[in-house]
file run_3.tsv (TSV, C-alpha atoms)
chain	number	residue	atom	x	y	z
A	260	ASP	CA	-73.35	104.83	81.80
A	261	ALA	CA	-70.27	104.46	79.63
A	262	LYS	CA	-66.93	104.46	81.39
A	263	THR	CA	-64.21	107.00	80.73
A	264	THR	CA	-60.43	106.80	80.84
A	265	GLN	CA	-58.26	109.82	81.61
A	266	PRO	CA	-54.54	110.21	82.32
A	267	PRO	CA	-53.96	110.58	86.07
A	268	SER	CA	-51.92	113.76	85.76
A	269	MET	CA	-50.67	116.40	83.32
A	270	ASP	CA	-48.55	119.53	83.46
A	271	CYS	CA	-49.02	122.69	81.45
A	272	ALA	CA	-47.04	125.94	81.27
A	273	GLU	CA	-48.89	129.07	82.29
A	274	GLY	CA	-50.27	130.91	79.27
A	275	ARG	CA	-50.17	127.85	77.04
A	276	ALA	CA	-53.14	125.76	75.96
A	277	ALA	CA	-53.97	122.78	78.15
A	278	ASN	CA	-55.33	119.80	76.23
A	279	LEU	CA	-56.94	117.17	78.43
A	280	PRO	CA	-57.87	113.90	76.71
A	281	CYS	CA	-60.65	111.48	77.56
A	282	ASN	CA	-61.46	108.09	76.09
A	283	HIS	CA	-65.05	106.86	76.12
A	284	SER	CA	-65.05	104.06	73.56
A	285	THR	CA	-68.31	102.51	74.79
A	286	ILE	CA	-70.34	105.72	74.67
A	287	SER	CA	-73.94	105.31	73.53
A	288	GLY	CA	-75.66	107.46	70.94
A	289	ASN	CA	-77.73	109.32	73.50
A	290	GLU	CA	-74.91	110.00	75.97
A	291	TYR	CA	-73.39	113.42	76.33
A	292	VAL	CA	-69.80	114.18	77.30
A	293	TYR	CA	-69.48	116.44	80.36
A	294	TRP	CA	-66.45	118.07	81.91
A	295	TYR	CA	-66.23	119.23	85.51
A	296	ARG	CA	-63.27	120.36	87.57
A	297	GLN	CA	-62.48	120.42	91.27
A	298	ILE	CA	-60.10	122.99	92.69
A	299	HIS	CA	-58.42	121.97	95.95
A	300	SER	CA	-61.17	120.41	98.03
A	301	GLN	CA	-63.99	122.61	96.78
A	302	GLY	CA	-67.14	121.23	95.20
A	303	PRO	CA	-66.84	120.30	91.51
A	304	GLN	CA	-67.53	123.05	89.00
A	305	TYR	CA	-69.25	122.56	85.64
A	306	ILE	CA	-67.13	123.46	82.60
A	307	ILE	CA	-68.81	122.33	79.40
A	308	HIS	CA	-70.74	119.51	77.76
A	309	GLY	CA	-71.52	118.29	74.24
A	310	LEU	CA	-73.06	115.49	72.21
A	311	LYS	CA	-71.20	115.28	68.91
A	312	ASN	CA	-70.43	118.81	67.73
A	313	ASN	CA	-67.53	120.78	69.08
A	314	GLU	CA	-68.55	123.24	71.78
A	315	THR	CA	-67.00	126.43	73.12
A	316	ASN	CA	-67.86	128.68	76.02
A	317	GLU	CA	-66.08	131.32	78.05
A	318	MET	CA	-64.13	128.71	79.99
A	319	ALA	CA	-63.08	126.10	77.47
A	320	SER	CA	-63.56	124.25	74.20
A	321	LEU	CA	-64.67	120.65	73.81
A	322	ILE	CA	-63.55	118.67	70.79
A	323	ILE	CA	-65.33	115.35	70.22
A	324	THR	CA	-64.03	112.94	67.58
A	325	GLU	CA	-66.32	111.99	64.74
A	326	ASP	CA	-66.76	108.45	66.08
A	327	ARG	CA	-67.41	109.96	69.56
A	328	LYS	CA	-65.03	107.49	71.18
A	329	SER	CA	-62.81	110.21	72.59
A	330	SER	CA	-62.79	113.91	73.35
A	331	THR	CA	-60.41	116.68	74.37
A	332	LEU	CA	-61.02	119.56	76.71
A	333	ILE	CA	-59.01	122.63	75.75
A	334	LEU	CA	-58.22	125.47	78.14
A	335	PRO	CA	-56.86	127.99	75.63
A	336	HIS	CA	-54.64	130.06	77.95
A	337	ALA	CA	-54.08	128.18	81.18
A	338	THR	CA	-53.53	130.17	84.35
A	339	LEU	CA	-52.33	129.07	87.78
A	340	ARG	CA	-55.97	129.16	88.92
A	341	ASP	CA	-56.76	126.36	86.44
A	342	THR	CA	-54.74	123.92	88.55
A	343	ALA	CA	-57.37	121.35	89.49
A	344	VAL	CA	-58.64	117.81	88.98
A	345	TYR	CA	-60.63	117.56	85.75
A	346	TYR	CA	-63.37	114.97	85.37
A	347	CYS	CA	-64.72	113.64	82.09
A	348	ILE	CA	-68.16	112.06	82.44
A	349	VAL	CA	-70.57	110.54	79.95
A	350	ARG	CA	-74.25	110.57	80.75
A	351	ALA	CA	-77.57	110.38	78.97
A	352	PHE	CA	-80.38	112.88	79.39
A	353	ASN	CA	-82.60	110.45	81.26
A	354	TYR	CA	-84.34	110.70	84.58
A	355	GLY	CA	-82.52	108.55	87.10
A	356	GLN	CA	-79.22	108.70	85.29
A	357	ASN	CA	-76.48	109.99	87.48
A	358	PHE	CA	-73.05	111.47	87.11
A	359	VAL	CA	-70.26	108.95	87.64
A	360	PHE	CA	-67.06	110.68	88.68
A	361	GLY	CA	-63.87	108.71	88.14
A	362	PRO	CA	-60.48	109.72	89.53
A	363	GLY	CA	-60.03	112.40	86.81
A	364	THR	CA	-56.86	114.13	85.59
A	365	ARG	CA	-54.86	116.29	87.95
A	366	LEU	CA	-53.73	119.29	85.90
A	367	SER	CA	-50.84	121.31	87.27
A	368	VAL	CA	-50.29	124.69	85.63
A	369	LEU	CA	-46.67	125.68	86.13
A	370	PRO	CA	-45.34	129.27	86.20
B	97	ASN	CA	-78.85	133.48	95.21
B	98	ALA	CA	-76.78	131.62	97.77
B	99	GLY	CA	-76.67	128.56	95.52
B	100	VAL	CA	-76.11	125.26	97.32
B	101	THR	CA	-75.23	125.56	100.99
B	102	GLN	CA	-74.05	122.84	103.35
B	103	THR	CA	-73.70	122.72	107.10
B	104	PRO	CA	-71.63	122.02	109.05
B	105	LYS	CA	-68.29	122.55	107.29
B	106	PHE	CA	-66.47	120.23	109.66
B	107	GLN	CA	-67.64	117.58	112.09
B	108	VAL	CA	-65.98	115.05	114.35
B	109	LEU	CA	-68.07	112.11	115.54
B	110	LYS	CA	-67.47	109.11	117.70
B	111	THR	CA	-68.32	105.65	116.40
B	112	GLY	CA	-72.00	104.95	116.89
B	113	GLN	CA	-73.13	108.55	117.05
B	114	SER	CA	-75.74	109.86	114.66
B	115	MET	CA	-75.91	113.17	112.89
B	116	THR	CA	-77.56	114.99	110.02
B	117	LEU	CA	-75.71	116.82	107.28
B	118	GLN	CA	-77.77	119.70	105.99
B	119	CYS	CA	-78.08	120.76	102.35
B	120	ALA	CA	-80.20	123.57	100.98
B	121	GLN	CA	-80.57	125.26	97.61
B	122	ASP	CA	-82.44	128.41	96.67
B	123	MET	CA	-82.59	127.87	92.91
B	124	ASN	CA	-85.87	125.89	92.88
B	125	HIS	CA	-84.03	122.87	91.49
B	126	GLU	CA	-85.87	119.57	91.10
B	127	TYR	CA	-82.85	117.33	91.38
B	128	MET	CA	-80.63	117.03	94.45
B	129	SER	CA	-78.00	114.49	95.32
B	130	TRP	CA	-75.37	113.53	97.88
B	131	TYR	CA	-71.85	112.33	97.06
B	132	ARG	CA	-68.94	111.26	99.17
B	133	GLN	CA	-65.31	111.71	98.18
B	134	ASP	CA	-62.50	109.71	99.70
B	135	PRO	CA	-58.82	110.72	99.34
B	136	GLY	CA	-57.53	110.38	95.80
B	137	MET	CA	-60.85	109.17	94.46
B	138	GLY	CA	-63.67	110.60	92.46
B	139	LEU	CA	-67.11	111.25	93.85
B	140	ARG	CA	-69.48	108.40	94.60
B	141	LEU	CA	-73.24	108.90	94.65
B	142	ILE	CA	-74.98	108.08	97.93
B	143	HIS	CA	-78.62	109.08	97.40
B	144	TYR	CA	-80.50	111.34	95.06
B	145	SER	CA	-83.92	112.93	94.69
B	146	VAL	CA	-85.82	114.00	91.58
B	147	GLY	CA	-88.35	116.07	93.53
B	148	ALA	CA	-90.02	116.57	96.88
B	149	GLY	CA	-91.15	113.26	98.33
B	150	ILE	CA	-89.05	111.20	95.90
B	151	THR	CA	-85.69	109.69	96.77
B	152	ASP	CA	-83.61	106.80	95.50
B	153	GLN	CA	-80.35	105.06	96.25
B	154	GLY	CA	-77.10	105.69	94.51
B	155	GLU	CA	-73.91	103.65	94.39
B	156	VAL	CA	-73.07	103.63	98.12
B	157	PRO	CA	-76.28	104.09	100.15
B	158	ASN	CA	-75.59	101.79	103.11
B	159	GLY	CA	-75.46	103.58	106.45
B	160	TYR	CA	-77.20	106.71	105.15
B	161	ASN	CA	-80.81	107.88	105.04
B	162	VAL	CA	-82.36	110.78	103.19
B	163	SER	CA	-85.71	112.48	102.87
B	164	ARG	CA	-87.00	115.31	100.70
B	165	SER	CA	-89.94	117.06	102.32
B	166	THR	CA	-89.37	120.36	100.49
B	167	THR	CA	-87.83	121.37	97.19
B	168	GLU	CA	-85.16	123.38	98.98
B	169	ASP	CA	-83.78	120.91	101.52
B	170	PHE	CA	-82.18	117.49	101.23
B	171	PRO	CA	-80.65	116.34	104.54
B	172	LEU	CA	-78.39	113.30	104.81
B	173	ARG	CA	-78.59	111.27	108.01
B	174	LEU	CA	-75.89	109.02	109.38
B	175	LEU	CA	-77.70	106.56	111.63
B	176	SER	CA	-74.72	105.07	113.47
B	177	ALA	CA	-71.42	106.56	112.36
B	178	ALA	CA	-68.53	104.27	111.48
B	179	PRO	CA	-64.87	105.12	110.76
B	180	SER	CA	-65.47	104.02	107.15
B	181	GLN	CA	-67.77	107.01	106.79
B	182	THR	CA	-64.89	109.42	107.31
B	183	SER	CA	-65.01	111.40	104.08
B	184	VAL	CA	-65.89	114.68	102.43
B	185	TYR	CA	-69.56	114.95	101.58
B	186	PHE	CA	-70.88	117.06	98.72
B	187	CYS	CA	-74.44	118.00	97.98
B	188	ALA	CA	-75.45	118.97	94.44
B	189	SER	CA	-78.54	120.22	92.68
B	190	SER	CA	-79.78	120.60	89.12
B	191	TYR	CA	-82.90	122.26	87.79
B	192	ASP	CA	-83.80	119.25	85.67
B	193	ALA	CA	-83.48	115.66	86.79
B	194	SER	CA	-83.03	114.55	83.21
B	195	GLY	CA	-79.57	116.07	83.30
B	196	ARG	CA	-79.99	118.89	80.85
B	197	GLY	CA	-79.10	121.37	83.54
B	198	THR	CA	-75.75	122.00	85.07
B	199	GLN	CA	-75.12	120.39	88.44
B	200	TYR	CA	-74.21	122.90	91.12
B	201	PHE	CA	-72.18	121.62	94.04
B	202	GLY	CA	-72.01	122.84	97.61
B	203	PRO	CA	-68.72	123.56	99.41
B	204	GLY	CA	-68.67	120.20	101.18
B	205	THR	CA	-68.78	118.85	104.73
B	206	ARG	CA	-65.63	117.21	106.11
B	207	LEU	CA	-66.51	114.39	108.47
B	208	LEU	CA	-64.14	112.51	110.75
B	209	VAL	CA	-65.43	109.47	112.60
B	210	LEU	CA	-63.22	108.28	115.43
call {"tool": "encode", "arguments": {"input": "run_3.tsv", "output": "structure tokens"}}
result
Amino acid sequence: DAKTTQPPSMDCAEGRAANLPCNHSTISGNEYVYWYRQIHSQGPQYIIHGLKNNETNEMASLIITEDRKSSTLILPHATLRDTAVYYCIVRAFNYGQNFVFGPGTRLSVLP
Amino acid sequence: NAGVTQTPKFQVLKTGQSMTLQCAQDMNHEYMSWYRQDPGMGLRLIHYSVGAGITDQGEVPNGYNVSRSTTEDFPLRLLSAAPSQTSVYFCASSYDASGRGTQYFGPGTRLLVL
């Protein structure tokens, strides 16, 4: 699996968009970009995933650069409840492939 | 659906004791896995299973055993607990072992080994 690089921490004002970057310069053509988050010490929660097109769901948007070497997770209107550690993971759709969680980005949403 | 459930929530063990962490899911998922999370770190994969009767090792399997006799259950056994196994343990499941499905995580078991 390709490795990812994320900033260790970020702050965001409540109500503003939170833009979380992720670098994955060694990503392979068949690897997807996934985002999960972990609030306090709860189990990680799935947010979104994509291959090369931008994706949007009710939680967030995922913007993947054309060369696929980096991506950005966007929380359009951050709330205090979005304070969490956000993990960017790259993984192929293959049996036996597993999710590799790095240290992630600790997002603090400030009032 | 209850989703992924884990028991116990907390456990204190003495060095050398054994115990089993329970994990169950009611979503008929093929894929189940166990992770451990140490302070300030991401999750590390211990063992995983792509279906009943099939298990394999992850990144940090030493000191842990698993079995998968049913689709629903995936217990993790600590054979002889060591202080280095103090951690938070998460179980996860996904309907498709290829990864197309979302991984659902349990609430975690906090283990302290003295």
call {"tool": "atom_distance", "arguments": {"input": "run_3.tsv", "atom1": "atom CA of Tyr191 of chain B", "atom2": "atom CA of Asn124 of chain B"}}
result
6.9 Å
call {"tool": "closest_residue", "arguments": {"input": "run_3.tsv", "among": "B:Met123, B:Leu139, B:Leu109, B:Val100", "to": "Val359 of chain A", "atoms": "only C-alpha atoms"}}
result
B:Leu139
call {"tool": "closest_atom_pairs", "arguments": {"input": "run_3.tsv", "of": "chain A", "to": "chain B", "cutoff": "10 Å", "atoms": "all atoms listed in the file", "output": "CSV"}}
result
residue,atom,partner,partner_atom,distance
A:Tyr291,CA,B:Gly195,CA,9.7
A:Tyr293,CA,B:Thr198,CA,9.6
A:Tyr295,CA,B:Gln199,CA,9.4
A:Gln297,CA,B:Gly138,CA,10.0
A:Ser300,CA,B:Gly204,CA,8.1
A:Gln301,CA,B:Pro203,CA,5.5
A:Gly302,CA,B:Pro203,CA,5.1
A:Pro303,CA,B:Phe201,CA,6.1
A:Gln304,CA,B:Phe201,CA,7.0
A:Tyr305,CA,B:Thr198,CA,6.5
A:Ile306,CA,B:Thr198,CA,9.1
A:Ile307,CA,B:Thr198,CA,9.0
A:His308,CA,B:Thr198,CA,9.2
A:Val344,CA,B:Gly138,CA,9.5
A:Tyr346,CA,B:Gly138,CA,8.3
A:Arg350,CA,B:Gly195,CA,8.1
A:Ala351,CA,B:Gly195,CA,7.4
A:Phe352,CA,B:Ser194,CA,4.9
A:Asn353,CA,B:Ser194,CA,4.6
A:Tyr354,CA,B:Ser194,CA,4.3
A:Gly355,CA,B:Ser194,CA,7.2
A:Gln356,CA,B:Ser194,CA,7.3
A:Asn357,CA,B:Leu141,CA,7.9
A:Phe358,CA,B:Leu141,CA,8.0
A:Val359,CA,B:Arg140,CA,7.0
A:Phe360,CA,B:Gly138,CA,5.1
A:Gly361,CA,B:Gly138,CA,4.7
A:Pro362,CA,B:Gly138,CA,4.4
A:Gly363,CA,B:Gly138,CA,7.0
call {"tool": "write_last_selection", "arguments": {"input": "run_3.tsv", "atoms": "C-alpha atoms", "output": "short mmCIF file (atom, residue, chain, number, x, y, z; two decimals), in the frame of the given file"}}
result
data_model
loop_
_atom_site.label_atom_id
_atom_site.label_comp_id
_atom_site.auth_asym_id
_atom_site.auth_seq_id
_atom_site.Cartn_x
_atom_site.Cartn_y
_atom_site.Cartn_z
CA TYR A 291 -73.39 113.42 76.33
CA TYR A 293 -69.48 116.44 80.36
CA TYR A 295 -66.23 119.23 85.51
CA GLN A 297 -62.48 120.42 91.27
CA SER A 300 -61.17 120.41 98.03
CA GLN A 301 -63.99 122.61 96.78
CA GLY A 302 -67.14 121.23 95.20
CA PRO A 303 -66.84 120.30 91.51
CA GLN A 304 -67.53 123.05 89.00
CA TYR A 305 -69.25 122.56 85.64
CA ILE A 306 -67.13 123.46 82.60
CA ILE A 307 -68.81 122.33 79.40
CA HIS A 308 -70.74 119.51 77.76
CA VAL A 344 -58.64 117.81 88.98
CA TYR A 346 -63.37 114.97 85.37
CA ARG A 350 -74.25 110.57 80.75
CA ALA A 351 -77.57 110.38 78.97
CA PHE A 352 -80.38 112.88 79.39
CA ASN A 353 -82.60 110.45 81.26
CA TYR A 354 -84.34 110.70 84.58
CA GLY A 355 -82.52 108.55 87.10
CA GLN A 356 -79.22 108.70 85.29
CA ASN A 357 -76.48 109.99 87.48
CA PHE A 358 -73.05 111.47 87.11
CA VAL A 359 -70.26 108.95 87.64
CA PHE A 360 -67.06 110.68 88.68
CA GLY A 361 -63.87 108.71 88.14
CA PRO A 362 -60.48 109.72 89.53
CA GLY A 363 -60.03 112.40 86.81
#
call {"tool": "residues_around", "arguments": {"input": "run_3.tsv", "residues": "Asp341 of chain A", "least_positions_apart": "6", "cutoff": "10 Å", "atoms": "all atoms listed in the file", "output": "list in words"}}
result
Cys271, Glu273, Ala277, Arg296, Gln297, Ile298, Leu334, Leu366, Ser367 and Val368 of chain A
call {"tool": "closest_residue", "arguments": {"input": "run_3.tsv", "among": "A:Ile333, A:Met269, A:Ile286, A:Leu279", "to": "Lys311 of chain A", "atoms": "all atoms listed in the file"}}
result
A:Ile286
call {"tool": "closest_residue", "arguments": {"input": "run_3.tsv", "among": "A:Arg275, A:Arg327, A:Lys262, A:His336", "to": "Asn289 of chain A", "atoms": "all atoms listed in the file"}}
result
A:Arg327
call {"tool": "atom_distance", "arguments": {"input": "run_3.tsv", "atom1": "atom CA of Gln121 of chain B", "atom2": "atom CA of Gly99 of chain B"}}
result
5.5 Å
call {"tool": "residues_near_point", "arguments": {"input": "run_3.tsv", "point": "(-63.4, 107.0, 109.5)", "cutoff": "10 Å", "atoms": "all atoms listed in the file", "output": "VMD selection string"}}
result
chain B and resid 108 to 111 177 to 183 207 to 210
call {"tool": "closest_residue", "arguments": {"input": "run_3.tsv", "among": "B:Arg132, B:Asp122, B:Gln107, B:Phe170", "to": "Ile150 of chain B", "atoms": "only C-alpha atoms"}}
result
B:Phe170
call {"tool": "closest_residue", "arguments": {"input": "run_3.tsv", "among": "A:Thr263, A:Thr315, A:Ser268, A:Thr324", "to": "Ala343 of chain A", "atoms": "all atoms listed in the file"}}
result
A:Ser268
call {"tool": "atom_distance", "arguments": {"input": "run_3.tsv", "atom1": "atom CA of Pro266 of chain A", "atom2": "atom CA of Val349 of chain A"}}
result
16.2 Å
